[in-house]
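Next comes input-v8.pdb, a file with PDB, C-alpha atoms.
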```pdb
ATOM      1  CA  MET A   1       0.000   0.000   0.000  1.00  0.00           C
ATOM      2  CA  LEU A   2       2.795   2.407   0.906  1.00  0.00           C
ATOM      3  CA  ALA A   3       4.472   1.729  -2.438  1.00  0.00           C
ATOM      4  CA  LEU A   4       1.261   2.673  -4.274  1.00  0.00           C
ATOM      5  CA  LEU A   5       0.943   5.918  -2.317  1.00  0.00           C
ATOM      6  CA  LEU A   6       4.561   6.794  -3.026  1.00  0.00           C
ATOM      7  CA  ALA A   7       4.161   6.035  -6.726  1.00  0.00           C
ATOM      8  CA  ALA A   8       1.034   8.179  -6.873  1.00  0.00           C
ATOM      9  CA  ALA A   9       2.807  11.055  -5.124  1.00  0.00           C
ATOM     10  CA  LEU A  10       5.736  10.875  -7.527  1.00  0.00           C
ATOM     11  CA  ASN A  11       3.446  10.882 -10.556  1.00  0.00           C
ATOM     12  CA  THR A  12       1.724  14.095  -9.466  1.00  0.00           C
ATOM     13  CA  GLY A  13       4.889  16.112  -9.988  1.00  0.00           C
ATOM     14  CA  SER A  14       4.600  17.721  -6.546  1.00  0.00           C
ATOM     15  CA  CYS A  15       8.331  17.560  -5.895  1.00  0.00           C
ATOM     16  CA  ALA A  16      11.699  18.162  -7.480  1.00  0.00           C
ATOM     17  CA  ASN A  17      13.155  14.956  -8.855  1.00  0.00           C
ATOM     18  CA  PRO A  18      16.736  15.507 -10.032  1.00  0.00           C
ATOM     19  CA  SER A  19      18.059  12.421 -11.776  1.00  0.00           C
ATOM     20  CA  ILE A  20      21.263  11.456 -13.532  1.00  0.00           C
ATOM     21  CA  VAL A  21      19.883  10.593 -16.961  1.00  0.00           C
ATOM     22  CA  SER A  22      23.187   9.765 -18.651  1.00  0.00           C
ATOM     23  CA  ALA A  23      26.901   9.433 -17.977  1.00  0.00           C
ATOM     24  CA  GLY A  24      29.517   8.288 -20.424  1.00  0.00           C
ATOM     25  CA  VAL A  25      32.800   8.908 -22.175  1.00  0.00           C
ATOM     26  CA  GLU A  26      32.486  11.873 -24.504  1.00  0.00           C
ATOM     27  CA  SER A  27      36.065  11.735 -25.793  1.00  0.00           C
ATOM     28  CA  VAL A  28      39.546  10.329 -25.196  1.00  0.00           C
ATOM     29  CA  ALA A  29      42.678  12.203 -26.231  1.00  0.00           C
ATOM     30  CA  GLN A  30      46.165  10.730 -26.078  1.00  0.00           C
ATOM     31  CA  ASN A  31      49.030  12.850 -24.725  1.00  0.00           C
ATOM     32  CA  GLY A  32      52.256  10.879 -24.549  1.00  0.00           C
ATOM     33  CA  ALA A  33      51.818   8.007 -22.082  1.00  0.00           C
ATOM     34  CA  LEU A  34      48.464   9.323 -20.838  1.00  0.00           C
ATOM     35  CA  ASN A  35      44.917   9.264 -22.097  1.00  0.00           C
ATOM     36  CA  ARG A  36      42.733  12.225 -21.095  1.00  0.00           C
ATOM     37  CA  TYR A  37      39.128  11.090 -20.644  1.00  0.00           C
ATOM     38  CA  THR A  38      36.257  13.534 -20.900  1.00  0.00           C
ATOM     39  CA  ILE A  39      33.108  12.223 -19.204  1.00  0.00           C
ATOM     40  CA  ALA A  40      29.734  13.895 -19.774  1.00  0.00           C
ATOM     41  CA  ILE A  41      27.060  13.632 -17.055  1.00  0.00           C
ATOM     42  CA  VAL A  42      23.510  14.894 -17.674  1.00  0.00           C
ATOM     43  CA  VAL A  43      21.186  15.681 -14.767  1.00  0.00           C
ATOM     44  CA  GLN A  44      17.492  16.465 -15.297  1.00  0.00           C
ATOM     45  CA  ASN A  45      14.727  17.568 -12.925  1.00  0.00           C
ATOM     46  CA  ARG A  46      12.014  15.039 -13.754  1.00  0.00           C
ATOM     47  CA  GLY A  47       9.668  16.456 -11.118  1.00  0.00           C
ATOM     48  CA  GLY A  48       7.145  19.251 -11.218  1.00  0.00           C
ATOM     49  CA  VAL A  49       8.769  21.662  -8.738  1.00  0.00           C
ATOM     50  CA  THR A  50      11.630  24.111  -9.269  1.00  0.00           C
ATOM     51  CA  GLN A  51      14.568  23.667  -6.927  1.00  0.00           C
ATOM     52  CA  PRO A  52      15.333  26.656  -4.629  1.00  0.00           C
ATOM     53  CA  SER A  53      17.587  29.343  -6.128  1.00  0.00           C
ATOM     54  CA  ASP A  54      20.023  29.094  -3.200  1.00  0.00           C
ATOM     55  CA  LEU A  55      20.560  25.314  -3.520  1.00  0.00           C
ATOM     56  CA  LEU A  56      24.241  24.330  -3.745  1.00  0.00           C
ATOM     57  CA  GLU A  57      23.781  21.044  -5.593  1.00  0.00           C
ATOM     58  CA  SER A  58      26.646  19.137  -7.171  1.00  0.00           C
ATOM     59  CA  VAL A  59      27.698  15.886  -8.789  1.00  0.00           C
ATOM     60  CA  ASP A  60      30.391  14.141  -6.746  1.00  0.00           C
ATOM     61  CA  VAL A  61      32.896  11.776  -8.384  1.00  0.00           C
ATOM     62  CA  ILE A  62      33.945   8.695  -6.418  1.00  0.00           C
ATOM     63  CA  GLN A  63      36.846   6.482  -7.528  1.00  0.00           C
ATOM     64  CA  ALA A  64      38.137   3.556  -5.435  1.00  0.00           C
ATOM     65  CA  GLY A  65      36.089   4.762  -2.459  1.00  0.00           C
ATOM     66  CA  GLN A  66      37.545   8.282  -2.537  1.00  0.00           C
ATOM     67  CA  LYS A  67      35.925  11.527  -3.688  1.00  0.00           C
ATOM     68  CA  THR A  68      38.079  12.679  -6.604  1.00  0.00           C
ATOM     69  CA  GLY A  69      35.968  15.479  -8.055  1.00  0.00           C
ATOM     70  CA  GLN A  70      32.894  17.646  -7.792  1.00  0.00           C
ATOM     71  CA  MET A  71      30.996  19.635 -10.419  1.00  0.00           C
ATOM     72  CA  GLY A  72      28.455  22.276  -9.412  1.00  0.00           C
ATOM     73  CA  LEU A  73      24.904  22.264 -10.728  1.00  0.00           C
ATOM     74  CA  GLN A  74      22.451  25.108 -11.081  1.00  0.00           C
ATOM     75  CA  PRO A  75      19.037  24.708  -9.412  1.00  0.00           C
ATOM     76  CA  LEU A  76      16.841  23.011 -12.000  1.00  0.00           C
ATOM     77  CA  HIS A  77      13.323  23.891 -13.147  1.00  0.00           C
ATOM     78  CA  PRO A  78      10.871  21.081 -14.015  1.00  0.00           C
ATOM     79  CA  GLY A  79      12.092  19.317 -17.162  1.00  0.00           C
ATOM     80  CA  GLN A  80      15.331  21.311 -17.254  1.00  0.00           C
ATOM     81  CA  SER A  81      18.613  19.471 -17.666  1.00  0.00           C
ATOM     82  CA  GLN A  82      22.258  20.371 -17.292  1.00  0.00           C
ATOM     83  CA  LYS A  83      25.378  18.701 -18.641  1.00  0.00           C
ATOM     84  CA  VAL A  84      28.570  18.755 -16.587  1.00  0.00           C
ATOM     85  CA  ILE A  85      32.001  17.524 -17.628  1.00  0.00           C
ATOM     86  CA  TYR A  86      34.581  15.538 -15.649  1.00  0.00           C
ATOM     87  CA  THR A  87      38.089  14.996 -17.045  1.00  0.00           C
ATOM     88  CA  PHE A  88      40.845  12.753 -15.769  1.00  0.00           C
ATOM     89  CA  ASP A  89      44.119  11.281 -16.967  1.00  0.00           C
ATOM     90  CA  ARG A  90      44.999   7.598 -17.006  1.00  0.00           C
ATOM     91  CA  SER A  91      47.896   5.587 -18.406  1.00  0.00           C
ATOM     92  CA  ASN A  92      47.311   4.582 -22.001  1.00  0.00           C
ATOM     93  CA  GLU A  93      48.491   1.096 -20.975  1.00  0.00           C
ATOM     94  CA  ALA A  94      45.512   0.618 -18.632  1.00  0.00           C
ATOM     95  CA  ALA A  95      43.028  -1.928 -19.936  1.00  0.00           C
ATOM     96  CA  ASN A  96      39.561  -0.753 -20.928  1.00  0.00           C
ATOM     97  CA  GLY A  97      36.913  -1.146 -18.251  1.00  0.00           C
ATOM     98  CA  THR A  98      39.357  -1.238 -15.323  1.00  0.00           C
ATOM     99  CA  THR A  99      38.493   2.123 -13.746  1.00  0.00           C
ATOM    100  CA  ASP A 100      35.094   2.497 -12.066  1.00  0.00           C
ATOM    101  CA  LEU A 101      33.747   6.014 -11.570  1.00  0.00           C
ATOM    102  CA  THR A 102      30.613   6.679  -9.532  1.00  0.00           C
ATOM    103  CA  PHE A 103      28.745   9.930 -10.092  1.00  0.00           C
ATOM    104  CA  SER A 104      26.425  10.863  -7.240  1.00  0.00           C
ATOM    105  CA  LEU A 105      24.107  13.823  -6.623  1.00  0.00           C
ATOM    106  CA  ASP A 106      25.003  15.829  -3.521  1.00  0.00           C
ATOM    107  CA  PHE A 107      22.519  18.291  -1.997  1.00  0.00           C
ATOM    108  CA  ASN A 108      25.011  19.494   0.631  1.00  0.00           C
ATOM    109  CA  GLY A 109      22.830  18.541   3.574  1.00  0.00           C
ATOM    110  CA  ARG A 110      19.589  20.030   2.254  1.00  0.00           C
ATOM    111  CA  ALA A 111      16.385  18.011   2.084  1.00  0.00           C
ATOM    112  CA  GLY A 112      12.720  18.446   1.217  1.00  0.00           C
ATOM    113  CA  ASP A 113      10.317  17.920  -1.663  1.00  0.00           C
ATOM    114  CA  ASN A 114      11.584  21.080  -3.383  1.00  0.00           C
ATOM    115  CA  ILE A 115      15.141  19.665  -3.237  1.00  0.00           C
ATOM    116  CA  ASP A 116      14.659  15.974  -4.101  1.00  0.00           C
ATOM    117  CA  CYS A 117      11.885  13.398  -3.648  1.00  0.00           C
ATOM    118  CA  HIS A 118      14.317  10.494  -4.253  1.00  0.00           C
ATOM    119  CA  GLY A 119      12.344   9.092  -7.179  1.00  0.00           C
ATOM    120  CA  GLY A 120      15.131   9.071  -9.749  1.00  0.00           C
ATOM    121  CA  HIS A 121      18.680   7.901 -10.304  1.00  0.00           C
ATOM    122  CA  GLU A 122      20.845   9.789  -7.825  1.00  0.00           C
ATOM    123  CA  SER A 123      23.958   7.720  -8.475  1.00  0.00           C
ATOM    124  CA  VAL A 124      25.427   5.932 -11.471  1.00  0.00           C
ATOM    125  CA  THR A 125      28.662   3.997 -11.984  1.00  0.00           C
ATOM    126  CA  ILE A 126      30.511   3.631 -15.269  1.00  0.00           C
ATOM    127  CA  SER A 127      33.631   1.643 -16.140  1.00  0.00           C
ATOM    128  CA  VAL A 128      36.262   3.166 -18.407  1.00  0.00           C
TER     129      VAL A 128
END
```

How would this structure read if it were set down as structure tokens?
Amino acid sequence: MLALLLAAALNTGSCANPSIVSAGVESVAQNGALNRYTIAIVVQNRGGVTQPSDLLESVDVIQAGQKTGQMGLQPLHPGQSQKVIYTFDRSNEAANGTTDLTFSLDFNGRAGDNIDCHGGHESVTISV
């Protein structure tokens, strides 16, 4: 019963619902013994409420259990999306698929239906 009520609430659009809708390698450039990876992450507010203008939201990057990066996001209106870019260098001898990167939404301690109703994908992991 609770699951049905939650599903109904999410379908009404009465909250902000930021979600990571895609994350993947946009390009790889070789520079000597290193490859520079450019990763594109797209976040969209799939809810019906605009996030507060003073929200300091970001996408955190986790590699091997450690936070290795953070990209700021603007507060999103319903249906609005934003693309952020993360770049990193790795040996060109490293095998494909051996580095896992987790991208996770961070609301910097803020909560509430106008921040996030937790109905979407708040974290995604890719292997490069």

> Pick the closest to Ser22 of chain A from A:Pro52, A:Asp89, A:Gln44, A:Gly79: which is it, counting only C-alpha atoms?
Replying inline: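 Smallest distance to Ser22 of chain A is found for A:Gln44.
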
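One distance worth recording is that between atom CA of Arg46 of chain A and atom CA of Gln80 of chain A, which is 7.9 Å.
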
>> Can you pull out the residues contacting Thr68 of chain A? Cut-off 12 Å, using all atoms listed in the file, and skip same-chain residues under 6 positions away; I want them as number ranges by chain.
In response: A: 59-62, 86-88, 100-104

> Using only C-alpha atoms, which residues sit within 10 Å of segment 108-110 of chain A once same-chain residues fewer than 4 positions away are excluded, as a list in words?
Replying inline: Leu55, Leu56, Glu57, Ser58, Asn114, Ile115 and Asp116 of chain A

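In this structure, atom CA of Gln30 of chain A sits 17.0 Å away from atom CA of Gly97 of chain A.
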
> Can you list, as a list in words, every protein, DNA or RNA residue that comes within 10 Å of Gly120 of chain A when you count only C-alpha atoms, leaving out same-chain residues fewer than 3 positions away?
Replying inline: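 Returned residues: Leu10, Ala16, Asn17, Pro18, Ser19, Ile20, Val21, Gln44, Asn45, Arg46, Gly47, Asp116, Cys117 and Ser123 of chain A.
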